[in-house]
>>> print(open('target08.cif').read())   # mmCIF, C-alpha atoms
data_input
loop_
_atom_site.label_atom_id
_atom_site.label_comp_id
_atom_site.auth_asym_id
_atom_site.auth_seq_id
_atom_site.Cartn_x
_atom_site.Cartn_y
_atom_site.Cartn_z
CA MET Z 1 -15.14 31.64 -0.22
CA THR Z 2 -12.72 28.76 0.28
CA ALA Z 3 -12.84 27.10 3.70
CA TYR Z 4 -9.58 26.09 5.35
CA HIS Z 5 -9.59 23.15 7.79
CA ARG Z 6 -6.58 22.28 9.96
CA PRO Z 7 -7.65 19.49 12.34
CA THR Z 8 -5.39 18.20 15.09
CA THR Z 9 -6.55 14.57 15.05
CA LEU Z 10 -6.87 12.01 12.29
CA GLN Z 11 -10.44 11.28 13.38
CA ASP Z 12 -11.42 14.92 12.83
CA ALA Z 13 -9.63 14.96 9.47
CA LEU Z 14 -11.53 11.87 8.34
CA ALA Z 15 -14.83 13.41 9.44
CA ILE Z 16 -14.10 16.52 7.35
CA ARG Z 17 -12.98 14.40 4.40
CA ALA Z 18 -16.16 12.32 4.56
CA GLY Z 19 -18.40 15.37 4.79
CA ALA Z 20 -17.07 17.54 1.98
CA ASP Z 21 -15.23 17.52 -1.33
CA VAL Z 22 -11.91 18.94 -0.14
CA ALA Z 23 -8.40 19.33 -1.49
CA VAL Z 24 -6.05 17.48 0.86
CA LEU Z 25 -2.94 19.50 1.73
CA ALA Z 26 0.24 17.83 3.00
CA GLY Z 27 3.33 19.56 1.60
CA GLY Z 28 1.43 21.82 -0.81
CA THR Z 29 3.92 21.44 -3.66
CA ASP Z 30 1.18 20.26 -6.04
CA ILE Z 31 -1.95 21.97 -4.74
CA PHE Z 32 -0.64 25.55 -4.83
CA PRO Z 33 0.88 25.42 -8.36
CA ALA Z 34 -2.36 23.83 -9.62
CA ARG Z 35 -4.41 26.63 -8.07
CA THR Z 36 -2.13 29.27 -9.60
CA ALA Z 37 -2.36 27.62 -13.02
CA ARG Z 38 -6.16 27.56 -12.93
CA ALA Z 39 -6.27 31.21 -11.90
CA ALA Z 40 -3.95 32.10 -14.77
CA TRP Z 41 -6.46 30.54 -17.18
CA GLY Z 42 -9.35 32.48 -15.66
CA ASP Z 43 -10.64 29.89 -13.19
CA PRO Z 44 -10.32 31.31 -9.66
CA THR Z 45 -12.37 28.53 -8.02
CA HIS Z 46 -10.77 26.10 -5.60
CA LYS Z 47 -11.99 23.35 -3.34
CA ASP Z 48 -12.05 23.79 0.40
CA VAL Z 49 -8.69 22.80 1.90
CA LEU Z 50 -8.04 20.03 4.42
CA ASP Z 51 -4.56 20.66 5.87
CA LEU Z 52 -3.08 17.59 7.60
CA SER Z 53 0.02 19.33 8.95
CA ALA Z 54 -1.20 19.72 12.54
CA ILE Z 55 -1.94 16.03 13.10
CA PRO Z 56 0.80 14.45 15.28
CA GLY Z 57 2.61 11.26 14.31
CA LEU Z 58 2.22 11.55 10.55
CA ARG Z 59 5.78 12.82 9.90
CA ASP Z 60 7.58 9.83 11.37
CA ILE Z 61 9.73 7.25 9.62
CA ASP Z 62 9.77 4.23 11.92
CA GLU Z 63 11.27 0.76 11.86
CA THR Z 64 8.73 -1.97 12.60
CA ALA Z 65 8.88 -5.72 13.11
CA ALA Z 66 7.96 -6.24 9.45
CA GLY Z 67 10.01 -3.39 7.95
CA TRP Z 68 9.45 0.37 7.93
CA ARG Z 69 6.50 2.75 8.15
CA ILE Z 70 6.68 6.16 6.45
CA GLY Z 71 4.01 8.62 7.59
CA CYS Z 72 2.10 10.65 5.01
CA LEU Z 73 3.74 13.93 6.11
CA ALA Z 74 7.31 12.58 5.84
CA THR Z 75 9.21 14.80 3.42
CA TRP Z 76 11.89 13.99 0.88
CA SER Z 77 14.42 15.80 3.08
CA SER Z 78 13.48 13.74 6.14
CA LEU Z 79 13.88 10.58 4.07
CA MET Z 80 17.38 11.66 3.04
CA ARG Z 81 18.31 12.29 6.67
CA ALA Z 82 16.84 9.03 7.98
CA LYS Z 83 19.16 6.14 8.85
CA LEU Z 84 17.89 3.47 6.49
CA PRO Z 85 19.49 0.32 5.00
CA PRO Z 86 20.74 0.04 1.38
CA ILE Z 87 17.35 -1.19 0.14
CA PHE Z 88 16.31 2.50 0.32
CA ASP Z 89 19.25 3.79 -1.75
CA GLY Z 90 17.09 4.16 -4.87
CA LEU Z 91 14.35 6.07 -3.08
CA LYS Z 92 16.95 8.34 -1.48
CA ALA Z 93 18.52 8.97 -4.88
CA ALA Z 94 15.10 9.98 -6.20
CA ALA Z 95 14.63 12.28 -3.21
CA ARG Z 96 17.76 14.20 -4.20
CA GLU Z 97 16.30 14.83 -7.68
CA VAL Z 98 12.76 15.88 -6.73
CA GLY Z 99 12.67 19.60 -7.51
CA GLY Z 100 14.95 21.92 -5.56
CA MET Z 101 15.72 22.02 -1.85
CA GLN Z 102 12.54 23.98 -1.07
CA VAL Z 103 10.40 21.28 -2.69
CA GLN Z 104 12.37 18.54 -0.94
CA ASN Z 105 11.78 20.26 2.41
CA ARG Z 106 8.02 20.55 1.86
CA GLY Z 107 7.02 17.80 -0.57
CA THR Z 108 5.95 14.44 0.83
CA LEU Z 109 6.49 10.91 -0.45
CA VAL Z 110 2.84 10.02 -0.02
CA GLY Z 111 1.76 13.23 -1.76
CA ASN Z 112 3.95 12.30 -4.73
CA LEU Z 113 2.21 8.93 -4.84
CA VAL Z 114 -1.34 10.29 -4.48
CA THR Z 115 -0.74 12.78 -7.31
CA ALA Z 116 -0.16 9.64 -9.42
CA SER Z 117 1.79 11.32 -12.18
CA PRO Z 118 3.47 8.87 -14.60
CA ALA Z 119 6.63 10.94 -14.03
CA GLY Z 120 6.47 10.88 -10.23
CA ASP Z 121 10.04 10.07 -9.20
CA GLY Z 122 9.11 8.17 -6.06
CA ILE Z 123 6.63 5.78 -7.64
CA PRO Z 124 8.96 3.36 -9.50
CA ASN Z 125 11.03 3.09 -6.32
CA LEU Z 126 7.96 2.26 -4.23
CA LEU Z 127 7.06 -0.46 -6.71
CA ALA Z 128 10.58 -1.88 -6.50
CA LEU Z 129 10.40 -1.74 -2.69
CA ASN Z 130 7.15 -3.76 -2.75
CA ALA Z 131 5.61 -0.94 -0.73
CA THR Z 132 2.01 -0.89 0.40
CA VAL Z 133 -0.24 2.09 1.15
CA GLU Z 134 -2.10 2.46 4.44
CA VAL Z 135 -5.51 4.01 3.80
CA ALA Z 136 -7.79 5.33 6.56
CA SER Z 137 -11.51 6.12 6.52
CA PRO Z 138 -14.32 6.34 9.09
CA ARG Z 139 -14.78 2.60 8.43
CA GLY Z 140 -11.22 1.74 9.51
CA LEU Z 141 -7.90 0.95 7.84
CA ARG Z 142 -7.05 -0.97 4.70
CA VAL Z 143 -3.68 -1.64 3.07
CA LEU Z 144 -3.14 -1.74 -0.70
CA PRO Z 145 -0.07 -2.61 -2.78
CA VAL Z 146 1.17 0.44 -4.66
CA ALA Z 147 0.38 -1.24 -7.99
CA VAL Z 148 -3.26 -1.65 -6.89
CA PHE Z 149 -3.45 1.82 -5.35
CA LEU Z 150 -2.54 3.40 -8.70
CA THR Z 151 -5.46 2.86 -11.08
CA GLY Z 152 -4.47 5.06 -14.04
CA TYR Z 153 -3.14 8.41 -15.18
CA ARG Z 154 -3.36 10.67 -12.09
CA ALA Z 155 -5.93 8.28 -10.62
CA THR Z 156 -5.88 6.19 -7.45
CA ALA Z 157 -8.09 3.75 -5.56
CA LEU Z 158 -8.78 6.29 -2.80
CA ALA Z 159 -12.49 6.58 -2.04
CA ALA Z 160 -14.08 9.99 -1.44
CA ASP Z 161 -13.89 9.55 2.35
CA GLU Z 162 -10.36 8.09 2.54
CA LEU Z 163 -6.90 9.47 3.31
CA ALA Z 164 -3.57 7.80 2.52
CA THR Z 165 -1.86 7.87 5.92
CA ALA Z 166 1.39 5.93 5.47
CA LEU Z 167 3.62 3.72 3.37
CA HIS Z 168 4.87 0.34 4.54
CA VAL Z 169 8.08 -1.19 3.18
CA PRO Z 170 8.86 -4.85 3.97
CA ARG Z 171 12.30 -6.19 4.77
CA LEU Z 172 14.43 -7.97 2.18
CA GLU Z 173 17.78 -9.35 3.28
CA ASN Z 174 20.99 -8.51 1.39
CA ALA Z 175 19.13 -6.07 -0.85
CA GLN Z 176 20.19 -2.78 -2.40
CA GLY Z 177 18.10 -0.20 -4.23
CA GLY Z 178 19.04 1.97 -7.17
CA PHE Z 179 17.54 4.71 -9.33
CA ARG Z 180 18.35 6.26 -12.70
CA LYS Z 181 16.55 9.24 -14.23
CA LEU Z 182 16.76 10.95 -17.61
CA GLY Z 183 15.61 14.53 -18.09
CA ALA Z 184 16.42 17.46 -20.34
CA ARG Z 185 18.85 18.59 -17.64
CA HIS Z 186 20.14 17.09 -14.41
CA TYR Z 187 18.00 18.92 -11.83
CA LEU Z 188 14.62 20.66 -11.62
CA VAL Z 189 13.18 18.68 -14.51
CA ILE Z 190 10.29 16.33 -15.22
CA SER Z 191 11.52 12.85 -16.10
CA ILE Z 192 11.65 11.59 -19.68
CA ALA Z 193 12.21 8.07 -18.34
CA MET Z 194 13.14 6.51 -14.99
CA ALA Z 195 14.37 3.12 -13.85
CA ALA Z 196 14.29 1.89 -10.27
CA GLY Z 197 15.31 -1.44 -8.83
CA VAL Z 198 15.90 -3.50 -5.73
CA ILE Z 199 18.28 -6.45 -6.06
CA ALA Z 200 18.85 -9.07 -3.37
CA THR Z 201 21.83 -11.40 -3.71
CA ASP Z 202 22.70 -14.74 -2.16
CA ALA Z 203 25.98 -15.85 -0.60
CA ALA Z 204 27.34 -16.85 -4.01
CA GLY Z 205 26.74 -13.38 -5.47
CA ARG Z 206 23.76 -14.43 -7.57
CA VAL Z 207 20.47 -12.56 -7.85
CA ALA Z 208 18.05 -14.06 -5.35
CA GLU Z 209 15.28 -11.55 -6.07
CA ALA Z 210 14.94 -8.68 -8.52
CA ARG Z 211 12.29 -5.97 -8.53
CA ILE Z 212 12.60 -3.58 -11.46
CA ALA Z 213 10.24 -0.75 -12.40
CA LEU Z 214 10.08 1.95 -15.07
CA GLY Z 215 8.39 5.34 -14.81
CA ALA Z 216 7.32 7.94 -17.40
CA CYS Z 217 6.99 5.19 -20.00
CA SER Z 218 3.29 4.39 -19.52
CA ALA Z 219 0.21 5.91 -17.92
CA VAL Z 220 1.23 4.25 -14.65
CA ALA Z 221 4.75 3.22 -13.59
CA GLN Z 222 5.17 -0.53 -14.01
CA ARG Z 223 7.27 -3.44 -12.80
CA LEU Z 224 9.02 -5.50 -15.48
CA PRO Z 225 8.19 -9.15 -14.69
CA LEU Z 226 9.96 -10.58 -17.74
CA LEU Z 227 13.24 -8.91 -16.79
CA GLU Z 228 12.82 -9.81 -13.12
CA ALA Z 229 12.37 -13.48 -14.02
CA ALA Z 230 15.39 -13.42 -16.34
CA LEU Z 231 17.61 -11.98 -13.60
CA ARG Z 232 16.90 -14.62 -10.94
CA GLY Z 233 19.87 -16.89 -10.40
CA VAL Z 234 22.19 -14.80 -12.59
CA GLU Z 235 25.58 -13.64 -11.33
CA ARG Z 236 25.08 -10.10 -10.08
CA ALA Z 237 28.06 -8.89 -12.10
CA LYS Z 238 26.39 -10.06 -15.33
CA ALA Z 239 22.90 -8.68 -14.70
CA ALA Z 240 23.19 -5.65 -16.99
CA GLN Z 241 23.99 -7.86 -19.97
CA LEU Z 242 20.58 -9.51 -19.85
CA VAL Z 243 18.46 -6.44 -20.60
CA GLN Z 244 16.69 -6.77 -23.95
CA PRO Z 245 13.92 -4.83 -25.76
CA HIS Z 246 11.34 -7.58 -25.20
CA HIS Z 247 11.63 -7.00 -21.45
CA LEU Z 248 9.71 -3.74 -22.00
CA ALA Z 249 6.56 -5.56 -23.14
CA GLY Z 250 3.45 -3.96 -21.70
CA LEU Z 251 4.79 -0.41 -21.67
CA SER Z 252 3.03 2.29 -23.69
CA PRO Z 253 5.27 5.38 -23.89
CA ILE Z 254 3.85 8.46 -25.59
CA ASP Z 255 5.11 11.23 -27.83
CA ASP Z 256 5.05 14.55 -26.02
CA ILE Z 257 6.96 17.80 -25.71
CA ARG Z 258 9.78 16.09 -23.77
CA ALA Z 259 10.44 13.05 -25.99
CA THR Z 260 9.06 10.65 -28.55
CA ALA Z 261 7.82 7.19 -27.61
CA ALA Z 262 10.70 5.59 -29.53
CA TYR Z 263 13.24 7.72 -27.68
CA ARG Z 264 11.69 6.77 -24.34
CA ARG Z 265 11.99 3.06 -25.18
CA ASP Z 266 15.64 3.42 -26.19
CA ALA Z 267 16.37 5.54 -23.12
CA ALA Z 268 14.68 3.02 -20.84
CA LEU Z 269 16.98 0.25 -22.06
CA VAL Z 270 20.06 2.38 -21.41
CA LEU Z 271 18.80 3.36 -17.94
CA LEU Z 272 18.06 -0.27 -17.06
CA ARG Z 273 21.52 -1.43 -18.11
CA ASP Z 274 23.13 1.39 -16.15
CA LEU Z 275 20.94 0.61 -13.13
CA LEU Z 276 21.97 -3.05 -13.17
CA GLU Z 277 25.67 -2.46 -13.79
CA ALA Z 278 27.50 -3.89 -10.80
CA ARG Z 279 29.49 -1.23 -8.96
CA GLY Z 280 31.94 -1.58 -6.17
#
>>> encode(input="target08.cif", output="structure tokens")
Amino acid sequence: MTAYHRPTTLQDALAIRAGADVAVLAGGTDIFPARTARAAWGDPTHKDVLDLSAIPGLRDIDETAAGWRIGCLATWSSLMRAKLPPIFDGLKAAAREVGGMQVQNRGTLVGNLVTASPAGDGIPNLLALNATVEVASPRGLRVLPVAVFLTGYRATALAADELATALHVPRLENAQGGFRKLGARHYLVISIAMAAGVIATDAAGRVAEARIALGACSAVAQRLPLLEAALRGVERAKAAQLVQPHHLAGLSPIDDIRATAAYRRDAALVLLRDLLEARG
């Protein structure tokens, strides 16, 4: 029989996590569909559940001296409601396209990251935001860049006794985020390709820093260092003109039921140019 744990302190949650192989429950938008799917294929087994929802302080989105801290129970809806600067515009745009309203009200940003799907809408944005992941264990805290935290297809650097407790986003002056997604329809769809970016400009309207990432085009969402380097120092209004196929080096899109690899590459170029098109 499945055991259900709902501790009220992080210390108790870590003790349970260290002592048993449990399924960690935050919003539940992944764990419950996965359980239903296994049952449908004749596998009724399920790990014991560690529900984090009763632990105080994990839902907060707070401004810090270095930037912002997003707790592991913060939902997509709470992100949309939060008063955040334009650097978060891309992540907020992704929040509006994650499932329907019910999923947005329950699903968490950190849960989306820990699931580590190549098509996770939040992940390219977190890469563009230079976000780091706060990880807790009985041994203490450690902080990992998102690119290090993600180790492969649906795989992360979390140890068996660790919990991802928060995201940290550093400040970047005069920066704005953006997000573009392609799916078979506009809402309630898994991405065929995604582009996310954060662009900081100087007083002359040139790109001071560019962070650009693509999702659903490789086993793990990736930054595009060649494109980022090409954009530095360019007039912001001309950024979209610089995007070229060689900037996608290192990606490995696949053929699947949603699209071919070639289509994903072509779509990624269009999304990147649209993302970088200066508006207003």
>>> resolve_selection(input="target08.cif", expression="the PyMOL selection byres ((chain Z and resi 100) around 12)", output="PyMOL selection string")
chain Z and resi 29+76-77+94-99+101-107+186-189
>>> resolve_selection(input="target08.cif", expression="the PyMOL selection byres ((chain Z and resi 157) around 10)", output="PDB file with C-alpha atoms, keeping the file's coordinate frame")
ATOM      1  CA  VAL Z 114      -1.340  10.290  -4.480  1.00  0.00           C
ATOM      2  CA  VAL Z 135      -5.510   4.010   3.800  1.00  0.00           C
ATOM      3  CA  LEU Z 144      -3.140  -1.740  -0.700  1.00  0.00           C
ATOM      4  CA  VAL Z 146       1.170   0.440  -4.660  1.00  0.00           C
ATOM      5  CA  VAL Z 148      -3.260  -1.650  -6.890  1.00  0.00           C
ATOM      6  CA  PHE Z 149      -3.450   1.820  -5.350  1.00  0.00           C
ATOM      7  CA  LEU Z 150      -2.540   3.400  -8.700  1.00  0.00           C
ATOM      8  CA  THR Z 151      -5.460   2.860 -11.080  1.00  0.00           C
ATOM      9  CA  GLY Z 152      -4.470   5.060 -14.040  1.00  0.00           C
ATOM     10  CA  ALA Z 155      -5.930   8.280 -10.620  1.00  0.00           C
ATOM     11  CA  THR Z 156      -5.880   6.190  -7.450  1.00  0.00           C
ATOM     12  CA  LEU Z 158      -8.780   6.290  -2.800  1.00  0.00           C
ATOM     13  CA  ALA Z 159     -12.490   6.580  -2.040  1.00  0.00           C
ATOM     14  CA  ALA Z 160     -14.080   9.990  -1.440  1.00  0.00           C
ATOM     15  CA  GLU Z 162     -10.360   8.090   2.540  1.00  0.00           C
TER      16      GLU Z 162
END
>>> residues_around(input="target08.cif", residues="Ala196 of chain Z", least_positions_apart="2", cutoff="10 Å", atoms="only C-alpha atoms", output="ChimeraX atom specification")
/Z:90-91,93-94,121-129,177-181,194,198,211-215,223,271-272,275-276
>>> residues_around(input="target08.cif", residues="Pro86 of chain Z", least_positions_apart="3", cutoff="8 Å", atoms="only C-alpha atoms", output="PyMOL selection string")
chain Z and resi 89+175-177
>>> resolve_selection(input="target08.cif", expression="the PyMOL selection byres ((chain Z and resi 7) around 9)", output="list in words")
His5, Arg6, Thr8, Thr9, Leu10, Gln11, Asp12, Ala13, Ile16, Leu50, Asp51, Leu52, Ser53, Ala54 and Ile55 of chain Z
>>> atom_distance(input="target08.cif", atom1="atom CA of Val270 of chain Z", atom2="atom CA of Ala203 of chain Z")
28.3 Å
>>> closest_residue(input="target08.cif", among="Z:Ser78, Z:Thr115, Z:Gln241, Z:Ser191", to="Ala34 of chain Z", atoms="all atoms listed in the file")
Z:Thr115
>>> residues_around(input="target08.cif", residues="Leu248 of chain Z", least_positions_apart="3", cutoff="10 Å", atoms="only C-alpha atoms", output="ChimeraX atom specification")
/Z:214,217,222-227,243-245,251-252,265,268-269
>>> atom_distance(input="target08.cif", atom1="atom CA of Asp62 of chain Z", atom2="atom CA of Arg154 of chain Z")
28.1 Å
>>> atom_distance(input="target08.cif", atom1="atom CA of Asn112 of chain Z", atom2="atom CA of Trp68 of chain Z")
18.2 Å
>>> closest_residue(input="target08.cif", among="Z:Ala240, Z:Leu231, Z:Val133, Z:Ala267", to="Ala195 of chain Z", atoms="all atoms listed in the file")
Z:Ala267
>>> closest_residue(input="target08.cif", among="Z:Lys83, Z:Lys92, Z:Lys238, Z:Arg69", to="Thr132 of chain Z", atoms="all atoms listed in the file")
Z:Arg69
>>> closest_residue(input="target08.cif", among="Z:Gly120, Z:Pro44, Z:Pro145, Z:Gly27", to="His168 of chain Z", atoms="all atoms listed in the file")
Z:Pro145
>>> residues_around(input="target08.cif", residues="Ala3 of chain Z", least_positions_apart="3", cutoff="10 Å", atoms="all atoms listed in the file", output="tab-separated table (two decimals) with C-alpha atoms, in the coordinates of the input")
chain	number	residue	atom	x	y	z
Z	22	VAL	CA	-11.91	18.94	-0.14
Z	46	HIS	CA	-10.77	26.10	-5.60
Z	47	LYS	CA	-11.99	23.35	-3.34
Z	48	ASP	CA	-12.05	23.79	0.40
Z	49	VAL	CA	-8.69	22.80	1.90
Z	50	LEU	CA	-8.04	20.03	4.42
>>> closest_residue(input="target08.cif", among="Z:Ala210, Z:Ala249, Z:Leu182, Z:Val169", to="Pro85 of chain Z", atoms="only C-alpha atoms")
Z:Val169
>>> residues_around(input="target08.cif", residues="Ser137 of chain Z", least_positions_apart="3", cutoff="9 Å", atoms="only C-alpha atoms", output="short mmCIF file (atom, residue, chain, number, x, y, z; two decimals) with C-alpha atoms, in the frame of the given file")
data_model
loop_
_atom_site.label_atom_id
_atom_site.label_comp_id
_atom_site.auth_asym_id
_atom_site.auth_seq_id
_atom_site.Cartn_x
_atom_site.Cartn_y
_atom_site.Cartn_z
CA GLN Z 11 -10.44 11.28 13.38
CA LEU Z 14 -11.53 11.87 8.34
CA ALA Z 15 -14.83 13.41 9.44
CA ARG Z 17 -12.98 14.40 4.40
CA ALA Z 18 -16.16 12.32 4.56
CA GLY Z 140 -11.22 1.74 9.51
CA LEU Z 141 -7.90 0.95 7.84
CA ARG Z 142 -7.05 -0.97 4.70
CA ALA Z 159 -12.49 6.58 -2.04
CA ASP Z 161 -13.89 9.55 2.35
CA GLU Z 162 -10.36 8.09 2.54
CA LEU Z 163 -6.90 9.47 3.31
#
